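Shown next: model16.tsv, containing TSV, C-alpha atoms.
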chain	number	residue	atom	x	y	z
A	1	MET	CA	134.07	92.29	123.13
A	2	ILE	CA	134.36	95.46	121.12
A	3	ASP	CA	131.54	94.06	118.97
A	4	THR	CA	129.30	94.16	122.04
A	5	LEU	CA	129.84	97.92	122.22
A	6	LYS	CA	129.06	98.26	118.52
A	7	THR	CA	125.90	96.22	118.99
A	8	LEU	CA	124.90	98.33	121.98
A	9	LYS	CA	125.29	101.51	119.92
A	10	LYS	CA	123.17	99.99	117.15
A	11	ILE	CA	120.25	98.99	119.36
A	12	LEU	CA	120.09	102.23	121.37
A	13	ASN	CA	118.12	105.16	120.01
A	14	ASN	CA	120.59	107.59	118.40
A	15	GLU	CA	119.04	110.48	120.29
A	16	ILE	CA	120.23	109.21	123.67
A	17	LEU	CA	123.83	108.49	122.61
A	18	LEU	CA	126.49	110.97	123.75
A	19	PRO	CA	129.47	111.76	121.54
A	20	PRO	CA	132.33	109.32	122.22
A	21	PRO	CA	135.26	110.50	124.35
A	22	ASN	CA	137.71	112.62	122.39
A	23	VAL	CA	141.28	111.54	121.65
A	24	ASP	CA	142.33	112.68	125.13
A	25	GLY	CA	139.61	110.54	126.76
A	26	ASN	CA	137.40	113.48	127.73
A	27	LEU	CA	133.61	113.27	127.81
A	28	ARG	CA	131.19	116.11	128.56
A	29	VAL	CA	127.81	115.65	130.27
A	30	LYS	CA	125.26	118.47	130.40
A	31	GLU	CA	122.40	118.91	132.85
A	32	CYS	CA	119.41	120.90	131.57
A	33	ALA	CA	117.40	121.22	134.78
A	34	ARG	CA	117.16	124.87	135.85
A	35	GLU	CA	117.73	124.09	139.53
A	36	ALA	CA	120.88	122.00	138.85
A	37	LYS	CA	124.08	123.36	140.37
A	38	ILE	CA	126.31	121.26	138.12
A	39	LYS	CA	125.41	122.31	134.58
A	40	THR	CA	128.41	120.70	132.88
A	41	LEU	CA	130.53	117.77	134.04
A	42	ASP	CA	133.78	117.05	132.18
A	43	ILE	CA	134.98	113.49	132.75
A	44	SER	CA	138.63	112.80	131.90
A	45	GLY	CA	140.29	109.40	131.45
A	46	VAL	CA	137.27	107.73	129.80
A	47	PRO	CA	138.48	104.60	127.95
A	48	ALA	CA	138.31	104.71	124.16
A	49	ASP	CA	136.33	101.44	124.28
A	50	SER	CA	133.23	103.09	125.74
A	51	VAL	CA	129.62	103.80	124.89
A	52	ALA	CA	128.01	106.71	126.74
A	53	PHE	CA	124.31	107.52	126.77
A	54	THR	CA	121.64	109.21	128.86
A	55	LEU	CA	118.41	107.78	130.20
A	56	ASP	CA	117.16	111.27	131.01
A	57	HIS	CA	116.86	112.56	127.44
A	58	ILE	CA	114.83	115.67	126.69
A	59	PRO	CA	114.28	115.83	122.92
A	60	ASN	CA	114.17	119.09	120.98
A	61	ASN	CA	111.32	117.86	118.81
A	62	ARG	CA	108.18	118.18	120.95
A	63	SER	CA	106.23	115.63	118.88
A	64	ARG	CA	108.54	112.85	120.16
A	65	ARG	CA	108.68	114.06	123.76
A	66	VAL	CA	106.11	111.53	125.02
A	67	CYS	CA	108.17	108.42	124.23
A	68	PHE	CA	111.08	109.62	126.38
A	69	LYS	CA	108.99	110.23	129.51
A	70	GLN	CA	109.13	106.52	130.31
A	71	LEU	CA	111.83	103.88	130.37
A	72	SER	CA	109.28	101.61	128.71
A	73	CYS	CA	105.87	102.27	127.20
A	74	TYR	CA	104.87	98.82	128.49
A	75	LEU	CA	104.97	100.07	132.07
A	76	ASP	CA	102.16	102.13	133.61
A	77	PRO	CA	103.44	105.75	133.84
A	78	THR	CA	101.28	106.46	136.90
A	79	HIS	CA	103.70	104.36	138.97
A	80	LYS	CA	106.48	106.90	139.14
A	81	PHE	CA	109.10	104.59	140.61
A	82	VAL	CA	109.29	102.51	137.42
A	83	ASN	CA	110.21	105.52	135.29
A	84	LYS	CA	112.91	107.14	137.43
A	85	ARG	CA	116.18	107.30	135.51
A	86	CYS	CA	119.68	108.74	135.61
A	87	ASP	CA	121.71	111.30	133.70
A	88	LEU	CA	124.53	109.13	132.37
A	89	VAL	CA	125.51	105.55	131.60
A	90	ILE	CA	128.99	104.60	130.42
A	91	VAL	CA	129.68	101.02	129.37
A	92	SER	CA	133.43	100.56	129.02
A	93	ARG	CA	136.50	98.41	129.39
A	94	PHE	CA	138.83	99.84	132.03
A	95	LYS	CA	141.99	98.10	133.29
A	96	ARG	CA	140.94	94.72	131.80
A	97	ARG	CA	137.52	94.84	133.42
A	98	TRP	CA	134.12	95.67	131.95
A	99	ARG	CA	132.35	98.37	133.90
A	100	VAL	CA	128.92	99.94	133.68
A	101	LEU	CA	128.88	103.35	135.32
A	102	ILE	CA	125.39	104.54	136.29
A	103	LEU	CA	125.69	108.22	137.26
A	104	ASP	CA	123.41	111.03	138.28
A	105	LEU	CA	124.26	114.68	138.92
A	106	LYS	CA	122.96	116.08	142.20
A	107	SER	CA	123.30	119.32	144.11
A	108	ASP	CA	123.73	120.04	147.83
A	109	LYS	CA	120.80	118.09	149.27
A	110	PRO	CA	120.07	114.91	147.29
A	111	ARG	CA	117.11	112.86	148.49
A	112	LEU	CA	118.47	109.46	149.45
A	113	ARG	CA	115.43	107.29	148.62
A	114	GLU	CA	114.64	109.03	145.34
A	115	THR	CA	118.28	108.88	144.27
A	116	GLU	CA	118.48	105.17	145.08
A	117	VAL	CA	115.37	104.48	142.97
A	118	GLN	CA	116.81	106.42	140.02
A	119	LEU	CA	120.09	104.52	140.07
A	120	LYS	CA	118.58	101.08	140.72
A	121	ASN	CA	115.98	101.53	137.94
A	122	SER	CA	118.69	102.58	135.53
A	123	GLU	CA	120.85	99.61	136.53
A	124	ALA	CA	117.94	97.22	135.93
A	125	PHE	CA	117.17	98.79	132.54
A	126	VAL	CA	120.80	98.63	131.38
A	127	ALA	CA	121.14	95.03	132.63
A	128	TYR	CA	118.02	94.16	130.62
A	129	THR	CA	119.45	95.83	127.51
A	130	LEU	CA	122.75	93.94	127.89
A	131	SER	CA	120.81	90.70	128.40
A	132	LEU	CA	119.08	91.28	125.03
A	133	ILE	CA	122.49	91.47	123.38
A	134	ALA	CA	123.59	88.29	125.20
A	135	THR	CA	120.42	86.50	124.04
A	136	HIS	CA	120.82	87.37	120.38
A	137	TYR	CA	124.63	87.46	120.17
A	138	PRO	CA	125.80	84.80	122.64
A	139	ASP	CA	129.28	84.50	121.10
A	140	ASP	CA	129.76	88.24	121.47
A	141	THR	CA	128.98	88.62	125.17
A	142	VAL	CA	131.38	86.72	127.38
A	143	PHE	CA	131.79	89.46	129.93
A	144	ASP	CA	130.41	89.92	133.40
A	145	PRO	CA	130.24	93.69	133.91
A	146	CYS	CA	130.71	95.37	137.26
A	147	PHE	CA	127.97	97.95	137.88
A	148	GLU	CA	129.02	101.15	139.66
A	149	LEU	CA	126.20	103.36	141.00
A	150	VAL	CA	127.43	106.90	141.63
A	151	ILE	CA	126.17	110.40	142.22
A	152	VAL	CA	128.31	113.47	141.66
A	153	THR	CA	127.26	116.12	144.15
A	154	THR	CA	128.23	119.57	145.33
A	155	ARG	CA	127.36	118.57	148.91
A	156	THR	CA	130.28	119.13	151.27
A	157	LYS	CA	131.06	117.60	154.64
A	158	LYS	CA	131.70	120.40	157.10
A	159	GLY	CA	134.39	119.35	159.56
A	160	HIS	CA	133.08	117.79	162.76
A	161	VAL	CA	129.50	118.98	162.42
A	162	TYR	CA	127.10	116.07	162.94
A	163	ARG	CA	124.88	115.54	159.92
A	164	PRO	CA	122.61	112.48	160.22
A	165	ASN	CA	122.32	112.00	156.46
A	166	ASP	CA	126.09	111.46	156.08
A	167	ALA	CA	125.92	108.00	157.67
A	168	ARG	CA	122.88	107.05	155.57
A	169	PHE	CA	124.72	108.02	152.38
A	170	GLU	CA	127.78	106.00	153.39
A	171	ARG	CA	125.66	102.88	153.94
A	172	GLY	CA	123.65	103.33	150.73
A	173	PRO	CA	123.85	101.16	147.61
A	174	PHE	CA	125.66	103.91	145.71
A	175	ARG	CA	128.72	106.08	146.18
A	176	GLU	CA	128.72	109.84	146.51
A	177	VAL	CA	131.62	111.63	144.81
A	178	ASN	CA	132.55	115.30	144.83
A	179	PRO	CA	134.04	116.75	141.63
A	180	ILE	CA	137.74	117.54	141.62
A	181	ARG	CA	136.97	121.08	140.52
A	182	TYR	CA	133.65	122.90	140.67
A	183	GLN	CA	133.15	126.51	139.68
A	184	LYS	CA	130.17	128.44	138.29
A	185	GLY	CA	128.22	125.35	137.25
A	186	GLN	CA	131.18	123.59	135.66
A	187	ALA	CA	132.74	120.54	137.26
A	188	LYS	CA	135.59	118.17	136.42
A	189	ILE	CA	136.34	114.63	137.54
A	190	HIS	CA	138.42	111.60	136.47
A	191	PHE	CA	136.74	108.38	135.35
A	192	GLY	CA	138.86	106.36	137.79
A	193	LYS	CA	137.48	108.33	140.74
A	194	LEU	CA	133.92	107.64	139.56
A	195	ILE	CA	134.47	103.88	139.54
A	196	GLY	CA	136.28	103.89	142.87
A	197	LEU	CA	139.90	103.57	141.80
What's the structure tokens form of this structure?
Amino acid sequence: MIDTLKTLKKILNNEILLPPPNVDGNLRVKECAREAKIKTLDISGVPADSVAFTLDHIPNNRSRRVCFKQLSCYLDPTHKFVNKRCDLVIVSRFKRRWRVLILDLKSDKPRLRETEVQLKNSEAFVAYTLSLIATHYPDDTVFDPCFELVIVTTRTKKGHVYRPNDARFERGPFREVNPIRYQKGQAKIHFGKLIGL
């Protein structure tokens, strides 16, 4: 199974790969959008057997910028829903189970429909990528990963105040998680909390 992770790292563009978790299992994700409230998310407890990458890459070299505007150049870019993507993907083995974490950083008022499209598109793209590995390396891919769709948000639930969107978020196809600590654009969270443990 570890070979699957090596193969995944080989077939992904180096520019989208994040540094592996450090020896303490910490991984840092940065958000470049000016309006983002969470600028840096530190995730602790990330398994050593993990590959982390972004589907929302903004390259430094402007000449290559065009190729990262789409999930695939084979899809018409005028249909915006096919190119929505998320901030972070972590493929890992955690407590004897293979997990694919699809995560996006949001602020106080995430748009439910747009967020769902981002996460579902990213899930479909990652599932396709893993299916390519299974097609070409069938002996190497005997796992059935569990996909976890999550947003990390600064949105807070204020006591007994009725907020109609709360119920919609709870019924949605993804989970909303608040960071353990959030201060001045920096947030911290444990990997286990992100995957619902």
Using 12 Å as the limit and counting all atoms listed in the file, can you tabulate each residue of range 37-106 of chain A that touches range 170-193 of chain A, with its shortest atom-to-atom distance in Å and the two atoms involved, as a tab-separated table?
residue	atom	partner	partner_atom	distance
A:Lys37	CA	A:Gly185	CA	5.6
A:Ile38	CA	A:Gly185	CA	4.6
A:Lys39	CA	A:Gly185	CA	4.9
A:Thr40	CA	A:Gln186	CA	4.9
A:Leu41	CA	A:Ala187	CA	4.8
A:Asp42	CA	A:Lys188	CA	4.7
A:Ile43	CA	A:Ile189	CA	5.1
A:Ser44	CA	A:His190	CA	4.7
A:Gly45	CA	A:Phe191	CA	5.4
A:Val46	CA	A:Phe191	CA	5.6
A:Pro47	CA	A:Phe191	CA	8.5
A:Ala48	CA	A:Phe191	CA	11.9
A:Ser50	CA	A:Phe191	CA	11.5
A:Ile90	CA	A:Phe191	CA	9.9
A:Val91	CA	A:Phe191	CA	11.8
A:Ser92	CA	A:Phe191	CA	10.6
A:Arg93	CA	A:Phe191	CA	11.6
A:Phe94	CA	A:Gly192	CA	8.7
A:Lys95	CA	A:Gly192	CA	9.9
A:Arg99	CA	A:Gly192	CA	11.0
A:Val100	CA	A:Phe191	CA	11.6
A:Leu101	CA	A:Phe191	CA	9.3
A:Ile102	CA	A:Phe174	CA	9.4
A:Leu103	CA	A:Phe174	CA	9.5
A:Asp104	CA	A:Glu176	CA	9.9
A:Leu105	CA	A:Val177	CA	9.9
A:Lys106	CA	A:Glu176	CA	9.5
By how many Å are CA of Ala52 in chain A and CA of Asn14 in chain A apart?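 According to the coordinates, CA of Ala52 in chain A and CA of Asn14 in chain A are separated by 11.2 Å.
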One number please: CA of Trp98 in chain A to CA of Asp144 in chain A, in Å, one decimal. 7.0 Å
Gap from CA of Leu17 in chain A to CA of Thr54 in chain A - Å, one decimal: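 Taking CA of Leu17 in chain A as the start and CA of Thr54 in chain A as the end point, the length is 6.7 Å.
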Can you tell me, as a PDB file with C-alpha atoms, keeping the file's coordinate frame, what residues are no more than 12 Å from range 72-83 of chain A when counting all atoms listed in the file, ignoring any on the same chain fewer than 4 positions away?
ATOM      1  CA  LEU A  55     118.410 107.780 130.200  1.00  0.00           C
ATOM      2  CA  ASP A  56     117.160 111.270 131.010  1.00  0.00           C
ATOM      3  CA  VAL A  66     106.110 111.530 125.020  1.00  0.00           C
ATOM      4  CA  CYS A  67     108.170 108.420 124.230  1.00  0.00           C
ATOM      5  CA  PHE A  68     111.080 109.620 126.380  1.00  0.00           C
ATOM      6  CA  ARG A 113     115.430 107.290 148.620  1.00  0.00           C
ATOM      7  CA  GLU A 114     114.640 109.030 145.340  1.00  0.00           C
ATOM      8  CA  THR A 115     118.280 108.880 144.270  1.00  0.00           C
ATOM      9  CA  GLU A 116     118.480 105.170 145.080  1.00  0.00           C
ATOM     10  CA  VAL A 117     115.370 104.480 142.970  1.00  0.00           C
ATOM     11  CA  GLN A 118     116.810 106.420 140.020  1.00  0.00           C
ATOM     12  CA  LEU A 119     120.090 104.520 140.070  1.00  0.00           C
ATOM     13  CA  LYS A 120     118.580 101.080 140.720  1.00  0.00           C
ATOM     14  CA  ASN A 121     115.980 101.530 137.940  1.00  0.00           C
ATOM     15  CA  SER A 122     118.690 102.580 135.530  1.00  0.00           C
ATOM     16  CA  GLU A 123     120.850  99.610 136.530  1.00  0.00           C
ATOM     17  CA  ALA A 124     117.940  97.220 135.930  1.00  0.00           C
ATOM     18  CA  PHE A 125     117.170  98.790 132.540  1.00  0.00           C
ATOM     19  CA  TYR A 128     118.020  94.160 130.620  1.00  0.00           C
ATOM     20  CA  THR A 129     119.450  95.830 127.510  1.00  0.00           C
TER      21      THR A 129
END
